[in-house]
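Asks: Next comes the structure file work_10.txt, holding compact mmCIF, C-alpha atoms.
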```
# COMPACT_ATOMS: atom_id res chain seq x y z
CA MET A 20 14.47 126.98 56.94
CA PRO A 21 15.72 129.77 54.65
CA ASP A 22 19.36 129.81 53.69
CA VAL A 23 21.82 132.15 55.41
CA GLU A 24 22.02 134.65 52.54
CA ASN A 25 18.25 135.10 52.49
CA LEU A 26 18.25 135.60 56.26
CA LYS A 27 20.97 138.25 55.93
CA SER A 28 19.01 140.01 53.18
CA LEU A 29 15.78 140.00 55.20
CA SER A 30 17.69 141.23 58.24
CA ALA A 31 19.16 144.15 56.30
CA LEU A 32 15.84 144.95 54.59
CA PHE A 33 13.88 145.21 57.86
CA ASP A 34 16.80 146.53 59.94
CA ILE A 35 16.54 143.67 62.45
CA SER A 36 18.95 140.99 63.59
CA VAL A 37 19.07 137.46 62.21
CA ASP A 38 18.45 136.27 65.79
CA TYR A 39 15.21 138.21 65.79
CA LEU A 40 14.13 136.49 62.54
CA LEU A 41 14.89 133.07 64.01
CA TYR A 42 13.29 133.77 67.42
CA ASP A 43 10.95 130.89 68.27
CA GLY A 44 9.27 132.22 71.42
CA SER A 45 11.22 129.92 73.73
CA ASP A 46 10.95 132.37 76.64
CA PHE A 47 7.86 130.47 77.69
CA GLU A 48 7.24 126.79 78.27
CA GLY A 49 3.89 125.14 77.83
CA THR A 50 0.81 127.07 76.82
CA ALA A 51 -0.86 130.20 78.08
CA VAL A 52 -3.87 129.94 80.36
CA LYS A 53 -6.35 132.71 79.58
CA GLU A 54 -9.18 133.29 82.04
CA ALA A 55 -12.04 135.76 81.75
CA ILE A 56 -12.27 138.12 84.74
CA ASP A 57 -14.63 140.77 86.07
CA LEU A 58 -12.48 143.51 87.63
CA SER A 59 -15.48 145.12 89.30
CA ILE A 60 -15.73 142.33 91.91
CA TYR A 61 -12.14 142.89 93.11
CA LYS A 62 -11.22 145.66 95.51
CA LYS A 63 -7.92 147.41 95.99
CA GLY A 64 -6.66 147.82 99.51
CA GLY A 65 -4.24 146.30 101.97
CA ALA A 66 -1.28 144.93 100.02
CA CYS A 67 -3.08 145.45 96.70
CA ARG A 68 -2.63 148.86 95.06
CA SER A 69 -5.02 148.05 92.22
CA ARG A 70 -7.83 145.72 91.24
CA GLN A 71 -5.43 143.96 88.84
CA GLU A 72 -3.16 143.12 91.79
CA ALA A 73 -6.18 141.82 93.71
CA VAL A 74 -7.00 139.50 90.79
CA VAL A 75 -3.48 138.05 90.76
CA LYS A 76 -3.40 137.62 94.57
CA ALA A 77 -6.78 135.89 94.48
CA ARG A 78 -5.70 133.52 91.69
CA TYR A 79 -2.26 132.70 93.13
CA THR A 80 -3.00 132.25 96.83
CA GLU A 81 -0.08 129.82 97.24
CA ALA A 82 2.50 132.15 95.64
CA GLU A 83 5.71 132.74 97.55
CA ASN A 84 6.32 136.05 95.74
CA ILE A 85 4.39 138.30 93.38
CA TYR A 86 6.11 141.25 91.72
CA ALA A 87 4.52 144.06 89.77
CA LEU A 88 6.46 144.51 86.53
CA LEU A 89 7.15 147.51 84.35
CA ARG A 90 6.98 146.70 80.64
CA LYS A 91 8.81 148.62 77.96
CA ARG A 92 8.85 147.62 74.31
CA LYS A 93 12.30 146.87 72.97
CA LEU A 94 12.85 149.33 70.13
CA THR A 95 14.57 148.45 66.87
CA PRO A 96 17.67 150.47 65.92
CA ALA A 97 15.59 152.55 63.47
CA GLU A 98 12.95 153.22 66.14
CA ASN A 99 15.69 154.31 68.56
CA VAL A 100 16.86 156.91 66.04
CA VAL A 101 13.32 158.18 65.44
CA ASP A 102 12.65 158.24 69.20
CA PHE A 103 15.82 160.28 69.79
CA ILE A 104 15.04 162.77 66.99
CA VAL A 105 11.35 163.28 67.84
CA GLN A 106 11.51 163.29 71.64
CA PRO A 107 13.25 160.67 73.78
CA GLY A 108 10.66 158.36 75.28
CA VAL A 109 7.75 159.28 73.03
CA LEU A 110 7.55 155.83 71.37
CA HIS A 111 7.47 154.13 74.79
CA ILE A 112 4.66 156.44 75.91
CA ALA A 113 2.70 155.72 72.73
CA ASP A 114 3.17 151.98 73.28
CA SER A 115 2.01 152.27 76.90
CA LEU A 116 -1.11 154.12 75.84
CA GLN A 117 -1.87 151.47 73.23
CA ASP A 118 -1.38 148.52 75.63
CA ASN A 119 -2.21 149.40 79.22
CA SER A 120 -2.12 145.83 80.52
CA SER A 121 -0.70 145.15 83.97
CA TRP A 122 2.13 142.61 84.18
CA TYR A 123 3.24 140.47 87.12
CA LEU A 124 5.87 137.87 87.94
CA VAL A 125 4.49 135.10 90.14
CA GLU A 126 6.80 132.63 91.93
CA GLN A 127 4.96 129.53 93.07
CA GLN A 128 6.17 126.01 93.88
CA GLY A 129 9.60 126.57 92.34
CA ARG A 130 8.18 127.92 89.06
CA GLN A 131 7.83 131.40 87.66
CA PHE A 132 4.83 132.70 85.71
CA MET A 133 4.39 135.86 83.68
CA VAL A 134 0.86 137.12 84.25
CA LYS A 135 -0.86 139.74 82.09
CA VAL A 136 -4.06 141.35 83.39
CA THR A 137 -6.38 143.44 81.24
CA LYS A 138 -9.92 144.67 81.88
CA GLU A 139 -11.39 141.48 80.40
CA PHE A 140 -8.95 138.64 81.09
CA MET A 141 -5.90 137.31 82.92
CA GLU A 142 -3.30 135.37 80.94
CA SER A 143 -0.62 133.26 82.66
CA ARG A 144 2.43 131.63 81.08
CA PRO A 145 5.19 129.62 82.75
CA LEU A 146 8.68 130.95 82.05
CA ALA A 147 11.19 128.60 80.43
CA SER A 148 14.18 130.40 81.97
CA ALA A 149 14.33 132.10 85.35
CA PHE A 150 13.68 135.78 85.80
CA ALA A 151 16.88 136.40 87.74
CA GLY A 152 17.80 139.87 88.86
CA LYS A 153 15.68 142.95 88.26
CA LYS A 154 15.35 142.86 84.46
CA LYS A 155 14.44 140.30 81.78
CA ILE A 156 13.93 140.56 78.04
CA VAL A 157 11.03 138.47 76.79
CA GLY A 158 10.40 138.68 73.07
CA ASN A 159 10.12 142.35 72.11
CA ASN A 160 9.56 143.51 75.68
CA ILE A 161 11.85 144.50 78.52
CA PHE A 162 10.40 143.76 81.94
CA LYS A 163 11.70 145.23 85.20
CA LYS A 164 10.65 144.27 88.70
CA PHE A 165 8.91 147.30 90.18
CA TYR A 166 7.77 146.26 93.65
CA ARG A 167 6.75 143.18 95.59
CA ILE A 168 3.07 142.73 96.37
```
Output the file's structure as structure tokens, nothing else.
Replies:
Amino acid sequence: MPDVENLKSLSALFDISVDYLLYDGSDFEGTAVKEAIDLSIYKKGGACRSRQEAVVKARYTEAENIYALLRKRKLTPAENVVDFIVQPGVLHIADSLQDNSSWYLVEQQGRQFMVKVTKEFMESRPLASAFAGKKKIVGNNIFKKFYRI
């Protein structure tokens, strides 16, 4: 573990907090389960607005609740300044275009899972702390509940 002065120096150098430097990924417990999927075999319709939602519903048939999530990258203070000067929201749009994964919160058997669905795979991770309310910060991302599936 680096000493406090080195942490402060690194924090100032990269314009990030000391907490960010020490972040250990404890938003999740256990390991991620990554499964290959073929989106073409899933159909949207009924309660499912997309094929990604159909994948999650098919995988978590026992789920009490499934929420579609909106993801927004948490910007650093320097990025916030650049975003404001260039055009408010442009960095979030660029991030969305770079990573167009679909995100879901699944509540099943008293546990909560963050589920990421791409064209090739579905990745599920159990949350270490509850997603209470409408918003939760996980790592460098801000997630908001959008609608219930």
Asks: For atom CA of Trp122 of chain A and atom CA of Glu54 of chain A, determine how far apart the two atoms are, in Å to one decimal place.
Replies: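 Separation of atom CA of Trp122 of chain A and atom CA of Glu54 of chain A: 14.8 Å.
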Asks: In Å, with one decimal, what is the gap from atom CA of Ser115 of chain A to atom CA of Asp34 of chain A?
Replies: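 These two atoms are separated by 23.2 Å.
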Asks: Within 10 Å of Ile60 of chain A, counting all atoms listed in the file, which residues show up once you throw out same-chain ones fewer than 6 positions away? Write them as a list in words, please.
Replies: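 The residues that qualify are Arg70, Ala73 and Val74 of chain A.
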Asks: Please, which residues are within 12 Å of (13.4, 155.6, 64.2) by the file's coordinates, counting only C-alpha atoms, and could they come as a ChimeraX atom specification?
Replies: /A:34,94-110
Asks: One number please: atom CA of Asn84 of chain A to atom CA of His111 of chain A, in Å, one decimal.
Replies: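 These atoms are spaced 27.7 Å apart.
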Asks: Check the smallest atom-to-atom distance from each of A:Gln131, A:Ile161, A:Ala77, A:Thr50 to Lys63 of chain A using only C-alpha atoms, then report the winner.
Replies: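 Among the listed residues, A:Ala77 lies closest to Lys63 of chain A.
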